[in-house]
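**Q** What follows is a structure written as structure tokens; I'll ask about it next.
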Amino acid sequence: MSTIKTEAAELTPSSVVRRPGRGGGLIHLMWKYKALYVISLPGIVYFLIFKYIPLGGSIIAFQDYNIFKGFTGSEWVGFANFTMMFQHYDFLRILKNTLLIGLYDLIIAFPAPIILALLLNELRLVVFKRVIQTVVYMPHFLSWVVIAGMSVAILSPSTGILNQLLGLFGIEPVYFLGDNAYIRSVLVGSGIWRDMGYGTILYLAALAGINPDLYEAAQIDGANRWKQTLRITLPALLPTIMILFLLHIGKFLDFGFERVWVFLNALNMENGEILDTYIYRSGLLSQQYSYTTAVGLFKSVVGLVLVLIGNLLSKKTTGEGLY
């Protein structure tokens with residue numbers, strides 16, 4: 001009994017080590033990694049100010065918004081703007097353009113950096129490899145205005161180098177930027193030329209992390225370079241490919257205003273106009289704020305649904321996902 005009393009006396013509240021609760025543990029953890037939180041603070045503030053707070057303005061998609069009455073004084077119209085959106089004679093044509101251009105970009109432009117990264121990875125002369133990387137990276141740092149100006153010069157029916165090459169084969173000059181049949185190809189092709197090289201950075205980083213012993217073992221087993229690519233390189237790249245694919249389909253309808261607007265003219269508007277340029281014309285130029293907010297909200301919801309579906313399918317098939 002005396003032993004039990006002695007042990008009970010030792011376990012007094014003052015002698016027991018108090019563990020911090022959940023709140024105290026969180027504060028302790030944040031203080032421990034305070035440098036990381038300070039570094040991330042500018043990014044958090046940026047997203048709060050420019051991404052999350054403006055989401056509150058989406059309410060005007062359900063109003064007949066008047067800039068003088070504001071959010072609180074504008075009349076509530078429910079889903080009338082969305083109904084008008086699908087009934088508008090131009091909307092379905094522009095939605096079709098956006099879907100087709102986004103599909104072409106997904107099928108053609110998305111694999112381009114992967115193929116280029118695999119080709120660069122096969123180069124054994126380091127100096128030549130670095131020179132090629134620098135050359136293909138450089139267009140990414142040009143603005144779309146410069147890209148459009150270069151495209152006009154290259155595709156010009158009178159002085160463009162492409163039409164001069166076609167003339168050598170007896171083909172009549174083609175006005176690529178003035179023909180609805182070519183504008184989608186021009187938009188997707190210019191994007192590939194500008195961003196393909198820069199897009200290889202993540203893939204080359206993933207390739208650098210592959211264990212060289214795997215290739216040596218494959219060589220001993222008699223696998224050539226093509227089989228090594230299929231059995232080692234591509235499976236190692238698959239997680240990176242899936243993450244970037246999910247991020248890409250999230251902006252499937254968000255092809256980009258500036259990259260399209262600089263190429264548009266009265267001759268190619270029918271097949272070249274997309275939702276972003278339509279929002280600019282109807283929202284800012286025609287001052288239909290509620291209507292174009294509804295269009296933008298529709299575009300965002302479609303992107304969110306595509307990401308959720310793509311992430312679910314990716315986790316079921318490859319085990320990789322955004323969350």
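Identifiers in this document derive from the order of the structure tokens: chains are assigned A, B, ..., residues are numbered from 1 separately in each chain, and ligands are numbered from 1 in order of occurrence.
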List every residue of range 66-126 of chain A that DSSP, applied to the backbone, labels as alpha helix (DSSP H), and write the result as a PyMOL selection string.

**A** chain A and resi 70-73+80-87+91-104+111-121+126

**Q** Taking the DSSP assignment computed from this structure's backbone, write out as a VMD selection string all residues of range 33-263 of chain A that belong to strand (DSSP E).

**A** chain A and resid 63 to 64 75 to 76

**Q** Export N, CA and C atoms of the chosen residues as a PDB file, in the first residue's frame?

**A**
ATOM      1  N   GLN A  63     -28.096  38.757 -61.521  1.00  0.00           N
ATOM      2  CA  GLN A  63     -28.748  40.053 -61.380  1.00  0.00           C
ATOM      3  C   GLN A  63     -28.787  40.774 -62.726  1.00  0.00           C
ATOM      4  N   ASP A  64     -29.634  41.768 -62.801  1.00  0.00           N
ATOM      5  CA  ASP A  64     -29.565  42.735 -63.904  1.00  0.00           C
ATOM      6  C   ASP A  64     -28.707  43.879 -63.381  1.00  0.00           C
ATOM      7  N   GLU A  75     -31.380  44.583 -59.609  1.00  0.00           N
ATOM      8  CA  GLU A  75     -32.530  43.672 -59.585  1.00  0.00           C
ATOM      9  C   GLU A  75     -32.087  42.223 -59.739  1.00  0.00           C
ATOM     10  N   TRP A  76     -32.674  41.342 -58.946  1.00  0.00           N
ATOM     11  CA  TRP A  76     -32.364  39.911 -58.990  1.00  0.00           C
ATOM     12  C   TRP A  76     -33.180  39.246 -60.102  1.00  0.00           C
TER      13      TRP A  76
END

**Q** A:Ile44, A:Val145, A:Leu204, A:Leu168: which is nearest Ile115 in chain A, counting only C-alpha atoms?

**A** A:Leu204

**Q** Between CA of Tyr182 in chain A and CA of Thr200 in chain A, what is the distance in Å, rounded to a tenth?

**A**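 Spanning CA of Tyr182 in chain A to CA of Thr200 in chain A is a straight-line distance of 27.0 Å.
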
**Q** Output as CSV one row per residue of range 163-212 of chain A within 12 Å of range 102-107 of chain A: the closest atom pair and its distance in Å to one decimal place, counting only C-alpha atoms, sorted by chain and residue number ascending.

**A**
residue,atom,partner,partner_atom,distance
A:Arg184,CA,A:Tyr104,CA,8.4
A:Ser185,CA,A:Tyr104,CA,8.5
A:Val186,CA,A:Tyr104,CA,11.2
A:Leu187,CA,A:Asp105,CA,9.1
A:Val188,CA,A:Asp105,CA,5.9
A:Gly189,CA,A:Asp105,CA,8.8
A:Ser190,CA,A:Asp105,CA,10.7
A:Gly191,CA,A:Asp105,CA,8.4
A:Ile192,CA,A:Asp105,CA,8.4
A:Asp195,CA,A:Asp105,CA,11.7
A:Met196,CA,A:Asp105,CA,11.6

**Q** For a test of reading the model, state the distance in Å between CA of Gly272 in chain A and CA of Val260 in chain A, rounded to one decimal.

**A**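 These two atoms are separated by 7.4 Å.
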
**Q** With only C-alpha atoms as the counted atoms, please give the residues lying no more than 9 Å from Ile274 in chain A, apart from itself and same-chain residues fewer than 6 positions off, as a list in words.

**A**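 Once the adjacent positions are removed, what remains is Arg93, Ile94, Leu95, Lys96, Asn97, Thr98, Leu99, Ile101, Leu253, Asp254, Phe255, Gly256, Phe257 and Val260 of chain A.
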
**Q** Let's have the selection written as an mmCIF file, in the first residue's frame, with N, CA and C atoms.

**A**
data_model
loop_
_atom_site.group_PDB
_atom_site.id
_atom_site.type_symbol
_atom_site.label_atom_id
_atom_site.label_comp_id
_atom_site.auth_asym_id
_atom_site.auth_seq_id
_atom_site.Cartn_x
_atom_site.Cartn_y
_atom_site.Cartn_z
ATOM 1 N N ARG A 93 -22.179 28.984 -81.570
ATOM 2 C CA ARG A 93 -21.077 28.987 -82.540
ATOM 3 C C ARG A 93 -19.743 29.244 -81.853
ATOM 4 N N ILE A 94 -19.741 30.202 -80.930
ATOM 5 C CA ILE A 94 -18.503 30.541 -80.225
ATOM 6 C C ILE A 94 -18.101 29.418 -79.271
ATOM 7 N N LEU A 95 -19.086 28.773 -78.639
ATOM 8 C CA LEU A 95 -18.794 27.632 -77.781
ATOM 9 C C LEU A 95 -18.189 26.488 -78.600
ATOM 10 N N LYS A 96 -18.717 26.265 -79.796
ATOM 11 C CA LYS A 96 -18.169 25.240 -80.681
ATOM 12 C C LYS A 96 -16.721 25.566 -81.049
ATOM 13 N N ASN A 97 -16.440 26.832 -81.373
ATOM 14 C CA ASN A 97 -15.062 27.236 -81.680
ATOM 15 C C ASN A 97 -14.137 26.969 -80.500
ATOM 16 N N THR A 98 -14.600 27.332 -79.309
ATOM 17 C CA THR A 98 -13.776 27.151 -78.111
ATOM 18 C C THR A 98 -13.507 25.680 -77.843
ATOM 19 N N LEU A 99 -14.536 24.845 -78.000
ATOM 20 C CA LEU A 99 -14.369 23.406 -77.779
ATOM 21 C C LEU A 99 -13.417 22.788 -78.794
ATOM 22 N N ILE A 101 -11.024 24.336 -80.660
ATOM 23 C CA ILE A 101 -9.661 24.828 -80.461
ATOM 24 C C ILE A 101 -9.046 24.201 -79.218
ATOM 25 N N LEU A 253 -11.618 25.343 -71.510
ATOM 26 C CA LEU A 253 -12.353 26.421 -72.165
ATOM 27 C C LEU A 253 -11.662 27.769 -72.004
ATOM 28 N N ASP A 254 -10.533 27.788 -71.327
ATOM 29 C CA ASP A 254 -9.810 29.036 -71.075
ATOM 30 C C ASP A 254 -8.567 29.068 -71.963
ATOM 31 N N PHE A 255 -8.795 29.187 -73.271
ATOM 32 C CA PHE A 255 -7.681 29.137 -74.216
ATOM 33 C C PHE A 255 -6.794 30.367 -74.118
ATOM 34 N N GLY A 256 -7.327 31.476 -73.669
ATOM 35 C CA GLY A 256 -6.529 32.692 -73.506
ATOM 36 C C GLY A 256 -6.996 33.812 -74.418
ATOM 37 N N PHE A 257 -7.324 34.939 -73.813
ATOM 38 C CA PHE A 257 -7.811 36.076 -74.594
ATOM 39 C C PHE A 257 -6.733 36.652 -75.496
ATOM 40 N N VAL A 260 -5.546 34.907 -78.771
ATOM 41 C CA VAL A 260 -6.516 34.821 -79.865
ATOM 42 C C VAL A 260 -6.834 36.206 -80.426
#
